[in-house]
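Novice: So I've got this file, upload.txt, and it contains compact mmCIF, C-alpha atoms and all ligand atoms:
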```txt
# COMPACT_ATOMS: atom_id res chain seq x y z
CA MET A 729 11.81 16.57 11.82
CA THR A 730 11.51 12.79 11.49
CA ASP A 731 7.79 12.43 12.15
CA LEU A 732 5.79 9.91 10.17
CA ILE A 733 3.77 11.46 7.35
CA LEU A 734 1.25 9.36 5.46
CA HIS A 735 0.15 10.52 2.01
CA HIS A 736 -3.22 8.90 1.34
CA TYR A 737 -6.94 9.33 0.72
CA PRO A 738 -9.82 7.95 2.80
CA GLN A 739 -11.34 5.45 0.35
CA SER A 740 -8.11 3.66 -0.60
CA PRO A 741 -7.91 0.05 0.66
CA PHE A 742 -4.09 0.02 0.77
CA ALA A 743 -4.22 3.32 2.66
CA GLU A 744 -6.57 1.65 5.14
CA LYS A 745 -3.99 -1.12 5.51
CA ALA A 746 -1.34 1.53 6.29
CA ARG A 747 -3.60 3.44 8.71
CA LEU A 748 -4.31 0.18 10.57
CA MET A 749 -0.58 -0.64 10.73
CA LEU A 750 -0.08 2.75 12.40
CA GLY A 751 -2.96 1.97 14.78
CA PHE A 752 -1.67 -1.54 15.47
CA LYS A 753 1.67 -0.06 16.52
CA GLY A 754 0.04 2.81 18.43
CA LEU A 755 1.95 5.45 16.46
CA SER A 756 1.32 9.17 15.94
CA TRP A 757 1.48 10.50 12.40
CA HIS A 758 0.68 13.39 10.09
CA SER A 759 -2.01 12.92 7.47
CA VAL A 760 -1.59 14.46 4.00
CA MET A 761 -4.54 14.05 1.65
CA ILE A 762 -3.65 13.23 -1.96
CA PRO A 763 -5.90 13.05 -5.05
CA ALA A 764 -7.33 9.63 -5.96
CA VAL A 765 -6.46 10.17 -9.64
CA MET A 766 -3.61 11.75 -11.58
CA PRO A 767 -2.19 14.36 -11.65
CA LYS A 768 -0.62 14.30 -8.16
CA PRO A 769 2.12 16.95 -8.46
CA ASP A 770 2.84 17.23 -4.73
CA LEU A 771 3.13 13.46 -4.30
CA THR A 772 5.30 12.91 -7.35
CA ALA A 773 7.58 15.80 -6.27
CA LEU A 774 8.45 13.48 -3.38
CA THR A 775 8.43 10.12 -5.14
CA GLY A 776 9.85 11.15 -8.52
CA GLY A 777 6.99 9.51 -10.44
CA TYR A 778 5.53 6.71 -8.31
CA ARG A 779 1.81 7.55 -8.09
CA ARG A 780 0.21 4.76 -6.12
CA THR A 781 -1.46 5.17 -2.75
CA PRO A 782 -0.29 5.31 0.03
CA VAL A 783 3.24 6.69 0.46
CA LEU A 784 5.05 7.14 3.78
CA GLN A 785 7.41 10.04 4.30
CA VAL A 786 9.91 10.30 7.14
CA GLY A 787 11.78 13.59 6.65
CA ALA A 788 13.57 13.28 3.29
CA ASP A 789 13.00 9.50 3.09
CA ILE A 790 10.06 8.39 0.98
CA TYR A 791 8.68 4.83 1.29
CA CYS A 792 6.67 3.44 -1.63
CA ASP A 793 4.32 0.44 -1.29
CA THR A 794 2.71 -0.87 1.91
CA ALA A 795 4.91 -3.99 1.79
CA LEU A 796 7.90 -1.76 2.55
CA ILE A 797 5.95 0.71 4.71
CA ALA A 798 5.22 -2.28 7.00
CA ARG A 799 8.96 -3.00 7.33
CA ARG A 800 9.74 0.69 8.00
CA LEU A 801 7.08 0.83 10.72
CA GLU A 802 8.48 -2.36 12.23
CA GLN A 803 11.82 -0.51 12.56
CA GLU A 804 10.07 2.48 14.08
CA LYS A 805 8.43 0.35 16.76
CA VAL A 806 9.36 -3.30 17.08
CA THR A 807 6.34 -4.48 19.06
CA PRO A 808 3.66 -5.49 18.46
CA ALA A 809 5.31 -7.21 15.52
CA LEU A 810 3.88 -7.19 12.00
CA PHE A 811 6.35 -9.96 11.09
CA PRO A 812 6.44 -12.24 14.16
CA GLU A 813 9.74 -13.99 14.85
CA GLY A 814 9.88 -17.44 13.31
CA ARG A 815 6.83 -16.75 11.13
CA GLU A 816 8.44 -14.28 8.71
CA ALA A 817 7.80 -16.23 5.50
CA ALA A 818 4.29 -17.31 6.48
CA ALA A 819 3.32 -13.75 7.45
CA ALA A 820 4.80 -12.09 4.33
CA GLY A 821 3.59 -14.82 1.96
CA LEU A 822 0.04 -14.75 3.25
CA ALA A 823 0.09 -10.94 3.18
CA GLN A 824 1.09 -11.09 -0.48
CA PHE A 825 -1.92 -13.30 -1.21
CA GLY A 826 -4.20 -10.75 0.48
CA ASP A 827 -2.63 -7.77 -1.28
CA GLN A 828 -2.77 -9.38 -4.70
CA VAL A 829 -5.46 -12.06 -4.99
CA LEU A 830 -8.01 -10.84 -2.45
CA PHE A 831 -7.45 -7.21 -3.46
CA GLN A 832 -8.14 -7.98 -7.14
CA HIS A 833 -11.40 -9.66 -6.11
CA GLY A 834 -12.36 -6.76 -3.83
CA VAL A 835 -11.77 -4.27 -6.64
CA ALA A 836 -13.67 -6.28 -9.28
CA ILE A 837 -16.64 -6.69 -6.92
CA ASN A 838 -16.62 -2.97 -6.07
CA PHE A 839 -16.30 -1.76 -9.63
CA GLN A 840 -19.15 -3.80 -11.12
CA LYS A 841 -21.83 -1.48 -12.52
CA LYS A 842 -23.99 -1.19 -9.38
CA GLY A 843 -20.87 -0.81 -7.20
CA LEU A 844 -19.49 2.06 -9.26
CA ALA A 845 -22.92 3.74 -9.37
CA SER A 846 -23.16 3.62 -5.58
CA ARG A 847 -19.54 4.66 -4.95
CA PHE A 848 -19.97 7.68 -7.23
CA ALA A 849 -23.62 8.45 -6.37
CA ASN A 850 -24.51 12.12 -6.99
CA MET A 851 -21.19 12.81 -8.69
CA PRO A 852 -21.05 14.34 -12.17
CA GLU A 853 -20.67 11.91 -15.09
CA GLU A 854 -17.24 13.44 -15.94
CA VAL A 855 -15.89 12.47 -12.53
CA ILE A 856 -16.87 8.82 -13.05
CA LYS A 857 -15.50 8.83 -16.58
CA GLY A 858 -12.27 10.47 -15.34
CA PHE A 859 -11.87 7.84 -12.64
CA VAL A 860 -12.45 4.93 -15.03
CA ALA A 861 -9.98 6.40 -17.55
CA ASP A 862 -7.40 6.92 -14.78
CA ARG A 863 -7.66 3.30 -13.66
CA GLN A 864 -7.44 2.06 -17.28
CA ALA A 865 -4.21 4.04 -17.61
CA LEU A 866 -2.98 2.55 -14.31
CA PHE A 867 -3.20 -0.92 -15.85
CA ALA A 868 -2.05 0.09 -19.35
CA SER A 869 1.44 -1.25 -18.66
CA GLY A 870 2.71 -3.88 -16.25
CA THR A 871 1.98 -7.56 -15.77
CA ALA A 872 -1.38 -7.29 -13.97
CA ASN A 873 -4.78 -7.22 -15.63
CA PRO A 874 -7.95 -6.20 -13.80
CA LEU A 875 -9.94 -9.31 -12.83
CA ASP A 876 -13.19 -9.91 -14.71
CA THR A 877 -16.12 -9.25 -12.34
CA ARG A 878 -17.89 -12.51 -13.24
CA VAL A 879 -14.74 -14.48 -12.45
CA ALA A 880 -14.29 -12.56 -9.19
CA LEU A 881 -17.89 -13.21 -8.13
CA SER A 882 -17.62 -16.86 -9.09
CA GLN A 883 -14.35 -17.40 -7.16
CA TRP A 884 -15.39 -15.32 -4.13
CA PRO A 885 -17.20 -18.10 -2.19
CA ALA A 886 -14.08 -20.28 -2.33
CA LEU A 887 -11.93 -17.52 -0.84
CA MET A 888 -14.48 -16.50 1.78
CA SER A 889 -15.48 -19.99 2.92
CA ARG A 890 -11.85 -21.02 3.50
CA LEU A 891 -11.28 -17.94 5.61
CA GLU A 892 -14.55 -18.45 7.46
CA LEU A 893 -13.74 -22.09 8.23
CA GLN A 894 -10.29 -21.34 9.59
CA LEU A 895 -11.41 -18.41 11.74
CA GLU A 896 -14.34 -20.44 13.05
CA ARG A 897 -12.12 -23.38 14.00
CA ASP A 898 -8.84 -21.98 15.18
CA GLY A 899 -7.45 -18.77 16.55
CA GLU A 900 -8.52 -15.19 16.65
CA PHE A 901 -6.20 -14.23 13.79
CA LEU A 902 -4.78 -15.79 10.62
CA LEU A 903 -1.57 -17.13 12.14
CA GLY A 904 -3.07 -17.95 15.53
CA ASP A 905 -3.75 -15.85 18.60
CA THR A 906 -1.56 -12.91 17.61
CA PRO A 907 -2.36 -10.56 14.73
CA CYS A 908 0.27 -9.83 12.07
CA ILE A 909 0.70 -8.29 8.62
CA ALA A 910 -1.28 -11.18 7.04
CA ASP A 911 -4.43 -10.09 8.89
CA LEU A 912 -4.13 -6.49 7.72
CA ALA A 913 -3.47 -7.55 4.11
CA HIS A 914 -6.54 -9.80 4.15
CA TYR A 915 -8.64 -7.17 5.86
CA HIS A 916 -8.30 -4.19 3.51
CA PRO A 917 -9.89 -5.80 0.41
CA LEU A 918 -12.85 -6.94 2.54
CA TRP A 919 -13.09 -3.47 4.10
CA PHE A 920 -13.31 -2.11 0.54
CA VAL A 921 -16.26 -4.41 -0.20
CA ALA A 922 -17.90 -3.60 3.16
CA SER A 923 -17.54 0.15 2.52
CA ASN A 924 -19.79 0.01 -0.57
CA LYS A 925 -23.41 -0.67 0.36
CA ALA A 926 -24.32 -1.81 -3.16
CA VAL A 927 -21.95 -4.79 -2.95
CA ALA A 928 -21.43 -5.27 0.81
CA ASP A 929 -23.80 -8.26 0.80
CA ALA A 930 -20.88 -10.27 -0.63
CA LEU A 931 -19.77 -10.48 3.02
CA ASP A 932 -23.12 -11.73 4.34
CA GLY A 933 -23.24 -15.18 5.87
CA TYR A 934 -19.67 -15.24 7.20
CA PRO A 935 -20.01 -14.51 10.94
CA ALA A 936 -16.47 -15.56 11.88
CA ILE A 937 -15.07 -13.20 9.21
CA ALA A 938 -17.31 -10.40 10.50
CA ALA A 939 -16.06 -10.92 14.07
CA TRP A 940 -12.41 -11.03 12.90
CA MET A 941 -12.96 -7.81 10.89
CA GLY A 942 -14.25 -6.19 14.07
CA ARG A 943 -11.09 -7.22 15.92
CA ILE A 944 -8.90 -5.70 13.18
CA ALA A 945 -10.93 -2.48 12.99
CA ASP A 946 -10.41 -2.15 16.76
CA PHE A 947 -6.70 -1.50 16.17
CA GLY A 948 -7.79 1.96 15.04
CA HIS A 949 -5.58 4.36 13.12
CA GLY A 950 -3.26 5.63 15.84
CA SER A 951 -3.22 9.35 16.42
CA SER A 952 -3.09 11.59 13.36
CA THR A 953 -2.97 15.32 12.73
CA PRO A 954 -3.70 16.89 9.33
CA MET A 955 -0.83 18.35 7.31
CA GLU A 956 -0.86 20.29 4.02
CA ALA A 957 1.06 18.75 1.11
CA SER A 958 3.15 21.95 0.82
CA GLU A 959 4.22 21.56 4.45
CA ALA A 960 5.27 17.94 3.83
CA ILE A 961 7.44 19.17 0.93
CA THR A 962 9.00 21.79 3.22
CA VAL A 963 9.69 19.05 5.79
CA ALA A 964 11.50 17.05 3.11
CA ARG A 965 13.50 20.07 1.89
CA GLU A 966 14.63 20.95 5.40
CA ALA A 967 15.64 17.37 6.25
CA SER A 968 18.48 15.18 5.02
CA PRO A 969 17.94 11.53 4.11
CA ALA A 970 18.76 9.15 6.97
CA ALA A 971 22.17 7.47 6.85
CA LEU A 972 22.03 4.06 5.16
CA PRO A 973 23.67 0.97 6.65
CA LYS A 974 26.93 -0.17 5.08
CA ILE A 975 26.41 -3.83 4.18
CA GLU A 976 27.91 -6.44 1.91
CA PHE A 977 25.30 -7.25 -0.71
CA VAL A 978 25.76 -8.81 -4.12
CA SER A 979 23.42 -6.96 -6.45
CA PRO A 980 21.39 -9.60 -8.37
CA GLY A 981 21.29 -7.26 -11.38
CA GLY A 982 24.99 -6.41 -11.14
CA PHE A 983 24.25 -2.77 -10.26
CA GLU A 984 26.81 -0.62 -8.50
CA LEU A 985 26.13 1.99 -5.87
CA GLY A 986 26.12 5.43 -7.47
CA GLN A 987 24.87 4.04 -10.78
CA ALA A 988 22.00 5.83 -12.55
CA VAL A 989 18.95 3.54 -12.43
CA SER A 990 15.20 3.63 -12.78
CA VAL A 991 12.85 1.65 -10.56
CA SER A 992 9.24 0.81 -11.37
CA ALA A 993 6.45 -1.44 -10.13
CA VAL A 994 6.16 -4.71 -12.04
CA ASP A 995 2.38 -5.20 -11.86
CA TYR A 996 0.58 -1.86 -12.50
CA GLY A 997 1.15 1.85 -12.03
CA THR A 998 4.59 1.33 -13.51
CA ASP A 999 5.69 5.00 -13.68
CA PRO A 1000 9.50 4.85 -13.31
CA VAL A 1001 11.51 6.69 -10.69
CA SER A 1002 14.99 7.68 -11.84
CA GLY A 1003 17.97 8.46 -9.66
CA SER A 1004 21.22 7.20 -8.32
CA LEU A 1005 21.25 3.80 -6.65
CA VAL A 1006 22.35 4.30 -3.04
CA TYR A 1007 21.36 1.06 -1.31
CA GLU A 1008 20.21 -2.50 -2.00
CA ASP A 1009 19.52 -5.39 0.35
CA ASN A 1010 17.33 -8.50 0.31
CA GLU A 1011 14.13 -6.52 0.82
CA GLU A 1012 14.81 -2.95 -0.26
CA ILE A 1013 16.11 -0.75 -3.09
CA VAL A 1014 16.88 2.93 -2.44
CA VAL A 1015 17.38 5.62 -5.04
CA ALA A 1016 18.64 9.18 -4.38
CA ARG A 1017 17.10 11.95 -6.42
CA GLU A 1018 16.95 15.71 -6.35
CA ASP A 1019 13.67 17.56 -6.64
CA GLU A 1020 13.52 21.29 -7.23
CA ARG A 1021 10.88 21.75 -4.52
CA ALA A 1022 11.74 18.96 -2.07
CA GLY A 1023 15.54 18.88 -2.36
CA LEU A 1024 17.62 15.71 -1.97
CA LEU A 1025 15.46 12.65 -1.29
CA HIS A 1026 15.94 8.94 -0.79
CA VAL A 1027 13.09 7.01 -2.37
CA HIS A 1028 12.71 3.47 -0.97
CA PHE A 1029 11.06 0.54 -2.76
CA PRO A 1030 10.47 -3.08 -1.79
CA ARG A 1031 12.63 -5.42 -3.89
CA TYR A 1032 9.77 -7.85 -4.48
CA GLY A 1033 7.34 -6.44 -7.03
CA PHE A 1034 9.70 -3.80 -8.44
CA ARG A 1035 11.97 -3.76 -11.47
CA ILE A 1036 15.36 -2.04 -11.44
CA GLU A 1037 17.02 -1.03 -14.71
CA ALA A 1038 20.08 0.95 -15.75
CA ALA A 1039 18.93 4.45 -16.69
N1 LIG B 1 1.34 -2.81 -3.81
C1 LIG B 1 0.90 -1.47 -3.53
C2 LIG B 1 -0.51 -1.29 -4.11
C3 LIG B 1 -1.05 0.11 -3.89
C4 LIG B 1 -2.32 0.34 -4.69
O1 LIG B 1 -2.67 -0.37 -5.62
N2 LIG B 1 -3.02 1.38 -4.31
C5 LIG B 1 -4.18 1.81 -5.07
C6 LIG B 1 -5.18 2.47 -4.12
S1 LIG B 1 -5.80 1.34 -2.96
C7 LIG B 1 -3.75 2.86 -6.05
O2 LIG B 1 -2.61 3.28 -6.02
N3 LIG B 1 -4.66 3.29 -6.91
C8 LIG B 1 -4.34 4.35 -7.80
C9 LIG B 1 -4.14 5.66 -7.11
O3 LIG B 1 -4.45 5.84 -5.93
O4 LIG B 1 -3.67 6.58 -7.80
C10 LIG B 1 0.95 -1.23 -2.03
O5 LIG B 1 0.99 -2.20 -1.26
O6 LIG B 1 1.04 -0.07 -1.60
```
Can the structure in the file be given as structure tokens, please?
Specialist:
Amino acid sequence: MTDLILHHYPQSPFAEKARLMLGFKGLSWHSVMIPAVMPKPDLTALTGGYRRTPVLQVGADIYCDTALIARRLEQEKVTPALFPEGREAAAAGLAQFGDQVLFQHGVAINFQKKGLASRFANMPEEVIKGFVADRQALFASGTANPLDTRVALSQWPALMSRLELQLERDGEFLLGDTPCIADLAHYHPLWFVASNKAVADALDGYPAIAAWMGRIADFGHGSSTPMEASEAITVAREASPAALPKIEFVSPGGFELGQAVSVSAVDYGTDPVSGSLVYEDNEEIVVAREDERAGLLHVHFPRYGFRIEAA
């Protein structure tokens, strides 16, 4: 079975980015719900330690990080393109700005006191405390620090007014008349702000942004059917990882195929994944690992944003 399986939870902005990519491409997929905080034993059985949300599974191939999920979905269905021909660097570079800078602002605005209170309304105090502790642990290692809310609020008008001005003056989407990955990466942090009524007024007064957000939301989420995590693990166990292309590639770190390595995110959520290096190219690193429940897996990471080390 080589169906697409997305491991995610409803409130996650990066999961919303992935769901919209699936909708943009008009794909069908299986939806596995994962916890929003650790532990996530069924997810890490597949990833080998990577805990961030979302993760895409295709049989025994596991794709970590939406930057790589986008490239995998582009292979699955070439058009409409997330990385339009001739605009590859502009699309990916602008997407990176959305995923990093705008996302940090969206999170800081959401997690100010009134935002947290509204997001966790009617939930027991322990749940809120557990969530805050989980996110502190997420940032305990790695190069990223959560953005101070006052700084985020102060910088927000600069980010929003630039976006508003461009959308008002030119084009339906960020790179012109055709949507691409940059739109989705700019959308999900704003969706996160919009989804919290205590802070959603940060989006007031930007009608061109509101109209653009409506156009993105219209992509929908494709067609999904629920799947239990245990079933996804069975799918992995009964599948074999897809064959990898044979290419000439000079490993920047001097690694050899078959070498024991560990791969981890550079910025936050740096839990390492250990295994045998089976593939490297300009955009991707793939590690083979064996899991007692899920069998032999290939875990795929984007090169940019991940560290590879000899194990
Ligand atoms: N660069 C990653 C970022 C993913 C990310 O930060 N996801 C958040 C949720 S939106 C997360 O993992 N939070 C902790 C968790 O879900 O356990 C990507 O593009 O997938």
Novice: Counting only C-alpha atoms, write as a tab-separated table (two decimals) with C-alpha atoms, in the frame of the given file all protein and nucleic acid residues lying at most 7 Å from (19.0, 7.1, -16.2) in the file's frame.
Specialist:
```tsv
chain	number	residue	atom	x	y	z
A	988	ALA	CA	22.00	5.83	-12.55
A	989	VAL	CA	18.95	3.54	-12.43
A	990	SER	CA	15.20	3.63	-12.78
A	1002	SER	CA	14.99	7.68	-11.84
A	1003	GLY	CA	17.97	8.46	-9.66
A	1038	ALA	CA	20.08	0.95	-15.75
A	1039	ALA	CA	18.93	4.45	-16.69
```
Novice: Of the residues A:Leu895, A:Leu750, A:Ala967, A:Ala868, which is the one nearest to Ala938 in chain A, using all atoms listed in the file?
Specialist: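 Going through A:Leu895, A:Leu750, A:Ala967, A:Ala868 one by one, the smallest distance to Ala938 in chain A is for A:Leu895.
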Novice: With all atoms listed in the file as the atoms that count, which of A:Ile856, A:Ala836, A:Leu734, A:Ala872 lies nearest to Ser756 in chain A?
Specialist: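 Checking each candidate against Ser756 in chain A, we get A:Leu734 as the closest.
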Novice: Can you report as lines of an AutoDock Vina configuration file the centre and edge lengths in Å, to one decimal, of an axis-aligned box around the listed atoms of ligand LIG 1 (chain B) padded with 3 Å on each side?
Specialist:
```
center_x = -2.2
center_y = 1.9
center_z = -4.5
size_x = 13.1
size_y = 15.4
size_z = 12.5
```
Novice: Pick out the residues no farther than 6 Å from ligand LIG 1 (chain B), counting all atoms listed in the file, and list them as a list in words.
Specialist: Ser740, Pro741, Phe742, Ala764, Val765, Arg779, Arg780, Thr781, Pro782, Asp793, Thr794 and Ala795 of chain A
Novice: Looking at A:Phe867, A:Leu881, A:Gln894, A:Met941, which one is nearest to Ala993 in chain A, with distances taken over all atoms listed in the file?
Specialist: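 Ranking A:Phe867, A:Leu881, A:Gln894, A:Met941 by distance to Ala993 in chain A, first place goes to A:Phe867.
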Novice: Write out as a ChimeraX atom specification which residues come within 9 Å of His916 in chain A when counting all atoms listed in the file, dropping same-chain ones fewer than 6 positions away.
Specialist: /A:740-745,826-827,830-831,834
Novice: Taking all atoms listed in the file into account, which of A:Pro885, A:Thr775, A:Ala849, A:Met749 comes nearest Asp911 in chain A?
Specialist: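 Residue with the minimum atom-to-atom distance to Asp911 in chain A: A:Met749.
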Novice: Could you give me, as a VMD selection string, the residues within 12 Å of His914 in chain A, counting all atoms listed in the file and dropping anything in the same chain fewer than 2 positions from it?
Specialist: chain A and resid 741 to 742 744 to 745 819 to 834 887 to 888 891 901 to 903 907 to 912 916 to 921 937 940 to 941 944
Novice: Between A:Tyr1032, A:Tyr996, A:Phe983, A:Trp884, which is the closest to Gln864 in chain A once you count all atoms listed in the file?
Specialist: A:Tyr996
Novice: Which residue gives the smallest distance to Ile1013 in chain A among A:Pro1000, A:Arg1031, A:Ile762, A:Leu774, with all atoms listed in the file counted?
Specialist: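 Looking only at the distances to Ile1013 in chain A, the closest residue turns out to be A:Arg1031.
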